[in-house]
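For reference, target.pdb is printed below; it contains PDB, C-alpha atoms.
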ATOM      1  CA  GLN E  66     -63.627  -5.867  52.496  1.00  0.00           C
ATOM      2  CA  TYR E  67     -66.622  -5.163  54.704  1.00  0.00           C
ATOM      3  CA  ALA E  68     -65.037  -2.191  56.441  1.00  0.00           C
ATOM      4  CA  ASP E  69     -66.950   1.027  56.811  1.00  0.00           C
ATOM      5  CA  ALA E  70     -66.007   3.750  54.302  1.00  0.00           C
ATOM      6  CA  GLU E  71     -64.553   5.825  57.132  1.00  0.00           C
ATOM      7  CA  LEU E  72     -62.202   2.991  58.089  1.00  0.00           C
ATOM      8  CA  ARG E  73     -61.120   2.594  54.468  1.00  0.00           C
ATOM      9  CA  ARG E  74     -60.073   6.269  54.523  1.00  0.00           C
ATOM     10  CA  ASP E  75     -58.170   5.938  57.808  1.00  0.00           C
ATOM     11  CA  ARG E  76     -54.561   6.245  56.640  1.00  0.00           C
ATOM     12  CA  GLU E  77     -52.958   4.837  59.790  1.00  0.00           C
ATOM     13  CA  LEU E  78     -55.272   1.824  59.813  1.00  0.00           C
ATOM     14  CA  VAL E  79     -54.722   1.140  56.114  1.00  0.00           C
ATOM     15  CA  LEU E  80     -50.934   1.420  56.578  1.00  0.00           C
ATOM     16  CA  GLU E  81     -51.138  -1.131  59.372  1.00  0.00           C
ATOM     17  CA  VAL E  82     -53.222  -3.464  57.205  1.00  0.00           C
ATOM     18  CA  VAL E  83     -50.935  -3.293  54.146  1.00  0.00           C
ATOM     19  CA  GLN E  84     -47.842  -3.792  56.297  1.00  0.00           C
ATOM     20  CA  ARG E  85     -49.354  -7.119  57.321  1.00  0.00           C
ATOM     21  CA  GLN E  86     -50.988  -8.040  54.039  1.00  0.00           C
ATOM     22  CA  GLY E  87     -50.137  -5.996  50.973  1.00  0.00           C
ATOM     23  CA  ALA E  88     -53.176  -7.133  49.025  1.00  0.00           C
ATOM     24  CA  GLY E  89     -55.302  -5.339  51.612  1.00  0.00           C
ATOM     25  CA  LEU E  90     -54.649  -2.278  49.467  1.00  0.00           C
ATOM     26  CA  ARG E  91     -57.566  -3.327  47.274  1.00  0.00           C
ATOM     27  CA  PHE E  92     -59.976  -2.434  50.078  1.00  0.00           C
ATOM     28  CA  ALA E  93     -58.457   0.987  50.778  1.00  0.00           C
ATOM     29  CA  ASP E  94     -60.196   4.179  49.758  1.00  0.00           C
ATOM     30  CA  GLU E  95     -59.235   5.398  46.291  1.00  0.00           C
ATOM     31  CA  GLU E  96     -57.418   8.367  47.814  1.00  0.00           C
ATOM     32  CA  LEU E  97     -55.121   6.024  49.760  1.00  0.00           C
ATOM     33  CA  ARG E  98     -54.462   3.933  46.666  1.00  0.00           C
ATOM     34  CA  CYS E  99     -52.979   7.187  45.299  1.00  0.00           C
ATOM     35  CA  ASP E 100     -50.810   7.611  48.401  1.00  0.00           C
ATOM     36  CA  ARG E 101     -47.236   6.690  47.456  1.00  0.00           C
ATOM     37  CA  GLU E 102     -46.184   5.692  50.974  1.00  0.00           C
ATOM     38  CA  VAL E 103     -49.208   3.418  51.435  1.00  0.00           C
ATOM     39  CA  VAL E 104     -48.650   1.778  48.056  1.00  0.00           C
ATOM     40  CA  LEU E 105     -44.920   1.276  48.661  1.00  0.00           C
ATOM     41  CA  GLU E 106     -45.680  -0.430  51.966  1.00  0.00           C
ATOM     42  CA  ALA E 107     -48.196  -2.690  50.242  1.00  0.00           C
ATOM     43  CA  VAL E 108     -45.867  -3.744  47.415  1.00  0.00           C
ATOM     44  CA  ARG E 109     -43.001  -4.365  49.830  1.00  0.00           C
ATOM     45  CA  ARG E 110     -45.214  -6.973  51.462  1.00  0.00           C
ATOM     46  CA  ASP E 111     -46.850  -8.278  48.267  1.00  0.00           C
ATOM     47  CA  GLY E 112     -45.635  -7.200  44.846  1.00  0.00           C
ATOM     48  CA  CYS E 113     -48.963  -8.088  43.250  1.00  0.00           C
ATOM     49  CA  ALA E 114     -50.614  -5.369  45.345  1.00  0.00           C
ATOM     50  CA  VAL E 115     -49.424  -2.957  42.645  1.00  0.00           C
ATOM     51  CA  ARG E 116     -52.547  -4.027  40.715  1.00  0.00           C
ATOM     52  CA  TYR E 117     -54.661  -2.084  43.224  1.00  0.00           C
ATOM     53  CA  ALA E 118     -52.566   1.082  43.154  1.00  0.00           C
ATOM     54  CA  ALA E 119     -53.630   4.169  41.262  1.00  0.00           C
ATOM     55  CA  VAL E 120     -52.444   4.148  37.637  1.00  0.00           C
ATOM     56  CA  LYS E 121     -50.055   7.048  38.282  1.00  0.00           C
ATOM     57  CA  LEU E 122     -48.284   4.917  40.904  1.00  0.00           C
ATOM     58  CA  GLN E 123     -48.235   1.874  38.643  1.00  0.00           C
ATOM     59  CA  ARG E 124     -46.193   4.111  36.330  1.00  0.00           C
ATOM     60  CA  ASP E 125     -43.880   5.185  39.161  1.00  0.00           C
ATOM     61  CA  ARG E 126     -40.482   3.561  38.609  1.00  0.00           C
ATOM     62  CA  GLU E 127     -39.635   3.127  42.294  1.00  0.00           C
ATOM     63  CA  VAL E 128     -43.019   1.571  43.075  1.00  0.00           C
ATOM     64  CA  MET E 129     -42.714  -0.871  40.186  1.00  0.00           C
ATOM     65  CA  LEU E 130     -39.112  -1.774  41.106  1.00  0.00           C
ATOM     66  CA  GLU E 131     -40.257  -2.607  44.626  1.00  0.00           C
ATOM     67  CA  ALA E 132     -43.085  -4.707  43.210  1.00  0.00           C
ATOM     68  CA  VAL E 133     -40.849  -6.776  40.911  1.00  0.00           C
ATOM     69  CA  ARG E 134     -38.280  -7.232  43.667  1.00  0.00           C
ATOM     70  CA  GLN E 135     -41.013  -8.785  45.785  1.00  0.00           C
ATOM     71  CA  ASP E 136     -42.628 -10.770  42.970  1.00  0.00           C
ATOM     72  CA  GLY E 137     -40.913 -10.760  39.586  1.00  0.00           C
ATOM     73  CA  CYS E 138     -44.068 -11.797  37.767  1.00  0.00           C
ATOM     74  CA  THR E 139     -45.690  -8.465  38.593  1.00  0.00           C
ATOM     75  CA  LEU E 140     -43.790  -7.322  35.517  1.00  0.00           C
ATOM     76  CA  LYS E 141     -46.888  -8.455  33.631  1.00  0.00           C
ATOM     77  CA  TYR E 142     -48.813  -5.552  35.229  1.00  0.00           C
ATOM     78  CA  ALA E 143     -46.094  -3.043  34.385  1.00  0.00           C
ATOM     79  CA  ALA E 144     -46.392  -0.344  31.774  1.00  0.00           C
ATOM     80  CA  THR E 145     -44.787  -1.215  28.435  1.00  0.00           C
ATOM     81  CA  GLU E 146     -41.960   1.230  29.151  1.00  0.00           C
ATOM     82  CA  PHE E 147     -40.993  -0.845  32.198  1.00  0.00           C
ATOM     83  CA  GLN E 148     -41.234  -4.114  30.264  1.00  0.00           C
ATOM     84  CA  ARG E 149     -38.625  -2.552  27.954  1.00  0.00           C
ATOM     85  CA  ASP E 150     -36.452  -1.343  30.847  1.00  0.00           C
ATOM     86  CA  ARG E 151     -33.377  -3.551  31.206  1.00  0.00           C
ATOM     87  CA  GLU E 152     -32.844  -2.841  34.895  1.00  0.00           C
ATOM     88  CA  MET E 153     -36.520  -3.481  35.705  1.00  0.00           C
ATOM     89  CA  VAL E 154     -36.499  -6.758  33.805  1.00  0.00           C
ATOM     90  CA  LEU E 155     -33.240  -7.849  35.446  1.00  0.00           C
ATOM     91  CA  GLU E 156     -34.718  -7.245  38.897  1.00  0.00           C
ATOM     92  CA  ALA E 157     -37.844  -9.181  37.946  1.00  0.00           C
ATOM     93  CA  VAL E 158     -35.938 -12.130  36.470  1.00  0.00           C
ATOM     94  CA  ARG E 159     -33.602 -12.261  39.467  1.00  0.00           C
ATOM     95  CA  GLN E 160     -36.658 -12.719  41.659  1.00  0.00           C
ATOM     96  CA  ASN E 161     -38.510 -15.134  39.364  1.00  0.00           C
ATOM     97  CA  ASP E 162     -37.107 -16.472  36.098  1.00  0.00           C
ATOM     98  CA  LYS E 163     -40.638 -16.752  34.658  1.00  0.00           C
ATOM     99  CA  ALA E 164     -40.784 -12.940  34.671  1.00  0.00           C
ATOM    100  CA  LEU E 165     -38.770 -12.921  31.459  1.00  0.00           C
ATOM    101  CA  ASP E 166     -42.007 -13.968  29.713  1.00  0.00           C
ATOM    102  CA  TYR E 167     -43.389 -10.470  30.426  1.00  0.00           C
ATOM    103  CA  ALA E 168     -40.385  -8.534  29.115  1.00  0.00           C
ATOM    104  CA  SER E 169     -40.349  -6.882  25.715  1.00  0.00           C
ATOM    105  CA  GLU E 170     -39.372  -9.179  22.845  1.00  0.00           C
ATOM    106  CA  ASP E 171     -35.942  -7.605  22.372  1.00  0.00           C
ATOM    107  CA  LEU E 172     -35.099  -8.001  26.079  1.00  0.00           C
ATOM    108  CA  ARG E 173     -36.256 -11.625  26.097  1.00  0.00           C
ATOM    109  CA  ALA E 174     -33.433 -12.253  23.605  1.00  0.00           C
ATOM    110  CA  ASP E 175     -30.812 -10.413  25.710  1.00  0.00           C
ATOM    111  CA  PRO E 176     -28.316 -13.016  27.034  1.00  0.00           C
ATOM    112  CA  VAL E 177     -27.551 -10.911  30.124  1.00  0.00           C
ATOM    113  CA  LEU E 178     -31.199 -11.252  31.134  1.00  0.00           C
ATOM    114  CA  SER E 179     -31.362 -15.021  30.733  1.00  0.00           C
ATOM    115  CA  PRO E 180     -32.389 -16.579  34.063  1.00  0.00           C
ATOM    116  CA  SER E 181     -28.998 -18.233  34.611  1.00  0.00           C
ATOM    117  CA  GLN E 182     -27.153 -14.951  34.018  1.00  0.00           C
ATOM    118  CA  ALA E 183     -29.593 -12.869  36.057  1.00  0.00           C
ATOM    119  CA  GLN E 184     -29.395 -15.269  39.005  1.00  0.00           C
ATOM    120  CA  SER E 185     -25.601 -15.172  39.001  1.00  0.00           C
ATOM    121  CA  ASN E 186     -25.414 -11.374  38.969  1.00  0.00           C
ATOM    122  CA  ALA E 187     -22.996 -10.824  41.834  1.00  0.00           C
ATOM    123  CA  ILE E 188     -23.029  -7.039  41.608  1.00  0.00           C
ATOM    124  CA  ALA E 189     -26.221  -6.719  43.626  1.00  0.00           C
ATOM    125  CA  GLY E 190     -27.868  -8.933  46.197  1.00  0.00           C
ATOM    126  CA  SER E 191     -31.526  -9.820  46.252  1.00  0.00           C
ATOM    127  CA  GLY E 192     -33.679  -6.743  46.779  1.00  0.00           C
ATOM    128  CA  ALA E 193     -30.950  -4.332  45.746  1.00  0.00           C
ATOM    129  CA  ARG E 194     -30.824  -2.284  42.582  1.00  0.00           C
ATOM    130  CA  ALA E 195     -28.787  -4.217  40.067  1.00  0.00           C
ATOM    131  CA  PRO E 196     -26.827  -2.149  37.576  1.00  0.00           C
ATOM    132  CA  VAL E 197     -25.938  -4.110  34.474  1.00  0.00           C
ATOM    133  CA  TYR E 198     -22.309  -4.169  33.349  1.00  0.00           C
ATOM    134  CA  VAL E 199     -20.693  -6.153  30.563  1.00  0.00           C
ATOM    135  CA  VAL E 200     -17.213  -7.275  31.565  1.00  0.00           C
ATOM    136  CA  THR E 201     -14.920  -7.539  28.568  1.00  0.00           C
ATOM    137  CA  GLU E 202     -11.794  -8.631  30.436  1.00  0.00           C
ATOM    138  CA  ALA E 203     -10.943  -9.932  33.913  1.00  0.00           C
ATOM    139  CA  VAL E 204      -7.437 -10.320  35.365  1.00  0.00           C
ATOM    140  CA  ALA E 205      -6.530 -11.870  38.699  1.00  0.00           C
ATOM    141  CA  GLY E 206      -4.545  -9.477  40.850  1.00  0.00           C
ATOM    142  CA  PRO E 207      -2.674  -9.944  44.119  1.00  0.00           C
ATOM    143  CA  GLY E 208      -4.585 -11.737  46.842  1.00  0.00           C
ATOM    144  CA  ARG E 209      -8.258 -12.123  45.992  1.00  0.00           C
ATOM    145  CA  ILE E 210      -8.507  -8.992  43.881  1.00  0.00           C
ATOM    146  CA  ILE E 211      -9.903  -9.231  40.354  1.00  0.00           C
ATOM    147  CA  GLU E 212      -9.491  -6.323  37.989  1.00  0.00           C
ATOM    148  CA  VAL E 213     -12.117  -5.994  35.291  1.00  0.00           C
ATOM    149  CA  VAL E 214     -12.607  -3.954  32.157  1.00  0.00           C
ATOM    150  CA  VAL E 215     -16.186  -2.864  31.686  1.00  0.00           C
ATOM    151  CA  ALA E 216     -17.645  -2.079  28.268  1.00  0.00           C
ATOM    152  CA  ALA E 217     -18.770   1.515  27.884  1.00  0.00           C
TER     153      ALA E 217
END
Take the structure I supplied and represent it as structure tokens, if you would.
Amino acid sequence: QYADAELRRDRELVLEVVQRQGAGLRFADEELRCDREVVLEAVRRDGCAVRYAAVKLQRDREVMLEAVRQDGCTLKYAATEFQRDREMVLEAVRQNDKALDYASEDLRADPVLSPSQAQSNAIAGSGARAPVYVVTEAVAGPGRIIEVVVAA
């Protein structure tokens, strides 16, 4: 906060700071808040750090996915297009079920995105991209194999 302007522009120093405390991004020079690598490091440590990123990076899908994976409630800072994005909302709700409050109205009504369903999504583990599939039929096969039919 009280760092000299030159230190706030020092990319290596700022990277070190945000790797330890993502919210340190708020004290970085504006140019570094536009630096995708710096911002990604910050949001991997603290999803809420996305608030301090340049607007163009707040609209970057990968940056926002990383933010909601770290803290689902950062969905409230997301652009409307991301609040309408099923995959983004699923990632957010998997991390924090309260994140559903920040999703678009139509997605809040989606049963697949209900906290209980999102938490039980076995297709992807925490922190991984979670594709959404609707299984219409499941049949037990030999051994522990389960065959499923997925809706198109």
Checklist entry - Using all atoms listed in the file, which of E:Glu131, E:Glu170, E:Asp100, E:Asp69 sits nearest Gln148 in chain E? => result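 Closest to Gln148 in chain E, using all atoms listed in the file: E:Glu170.
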Next on the checklist: Assuming the chain letters and numbering stay as they are in my file, what does the PyMOL selection byres ((chain E and resi 179) around 12) actually select? List them as number ranges by chain.
Outcome noted: E: 151, 154-159, 161-166, 168, 172-178, 180-186
As a check of understanding, name the residues that the PyMOL selection byres ((chain E and resi 215) around 6) selects in the supplied structure, as a short mmCIF file (atom, residue, chain, number, x, y, z; two decimals) with C-alpha atoms, keeping the file's coordinate frame.
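As a result, expr21.cif now contains:
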data_model
loop_
_atom_site.label_atom_id
_atom_site.label_comp_id
_atom_site.auth_asym_id
_atom_site.auth_seq_id
_atom_site.Cartn_x
_atom_site.Cartn_y
_atom_site.Cartn_z
CA VAL E 199 -20.69 -6.15 30.56
CA VAL E 200 -17.21 -7.28 31.56
CA THR E 201 -14.92 -7.54 28.57
CA VAL E 214 -12.61 -3.95 32.16
CA ALA E 216 -17.64 -2.08 28.27
#
Item to check | Who sits within 8 Å of range 122-128 of chain E, all atoms listed in the file, same chain under 3 positions skipped, as a list of chain:residue names | outcome: E:Cys99, E:Arg101, E:Val104, E:Leu105, E:Val108, E:Val115, E:Arg116, E:Ala118, E:Ala119, E:Glu131, E:Ala132, E:Ala143, E:Ala144, E:Phe147
Item to check | Straight-line distance linking CA of Thr145 in chain E with CA of Gln84 in chain E, stated in Å to one decimal | outcome: 28.1 Å
Checklist entry - Given the choices E:Glu152, E:Arg76, E:Lys121, E:Glu146, which gets closest to Arg134 in chain E if the distance is worked out from all atoms listed in the file? => result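 Going through E:Glu152, E:Arg76, E:Lys121, E:Glu146 one by one, the smallest distance to Arg134 in chain E is for E:Glu152.
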Name every residue that the PyMOL selection byres ((chain E and resi 114) around 10) selects in this structure, writing the answer as a PDB file with C-alpha atoms, keeping the file's coordinate frame with chains first and numbers rising.
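The resulting out_35.pdb:
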ATOM      1  CA  VAL E  83     -50.935  -3.293  54.146  1.00  0.00           C
ATOM      2  CA  GLN E  86     -50.988  -8.040  54.039  1.00  0.00           C
ATOM      3  CA  GLY E  87     -50.137  -5.996  50.973  1.00  0.00           C
ATOM      4  CA  ALA E  88     -53.176  -7.133  49.025  1.00  0.00           C
ATOM      5  CA  GLY E  89     -55.302  -5.339  51.612  1.00  0.00           C
ATOM      6  CA  LEU E  90     -54.649  -2.278  49.467  1.00  0.00           C
ATOM      7  CA  ARG E  91     -57.566  -3.327  47.274  1.00  0.00           C
ATOM      8  CA  VAL E 104     -48.650   1.778  48.056  1.00  0.00           C
ATOM      9  CA  LEU E 105     -44.920   1.276  48.661  1.00  0.00           C
ATOM     10  CA  GLU E 106     -45.680  -0.430  51.966  1.00  0.00           C
ATOM     11  CA  ALA E 107     -48.196  -2.690  50.242  1.00  0.00           C
ATOM     12  CA  VAL E 108     -45.867  -3.744  47.415  1.00  0.00           C
ATOM     13  CA  ARG E 109     -43.001  -4.365  49.830  1.00  0.00           C
ATOM     14  CA  ARG E 110     -45.214  -6.973  51.462  1.00  0.00           C
ATOM     15  CA  ASP E 111     -46.850  -8.278  48.267  1.00  0.00           C
ATOM     16  CA  GLY E 112     -45.635  -7.200  44.846  1.00  0.00           C
ATOM     17  CA  CYS E 113     -48.963  -8.088  43.250  1.00  0.00           C
ATOM     18  CA  VAL E 115     -49.424  -2.957  42.645  1.00  0.00           C
ATOM     19  CA  ARG E 116     -52.547  -4.027  40.715  1.00  0.00           C
ATOM     20  CA  TYR E 117     -54.661  -2.084  43.224  1.00  0.00           C
ATOM     21  CA  ALA E 118     -52.566   1.082  43.154  1.00  0.00           C
ATOM     22  CA  ALA E 132     -43.085  -4.707  43.210  1.00  0.00           C
ATOM     23  CA  ASP E 136     -42.628 -10.770  42.970  1.00  0.00           C
ATOM     24  CA  THR E 139     -45.690  -8.465  38.593  1.00  0.00           C
TER      25      THR E 139
END
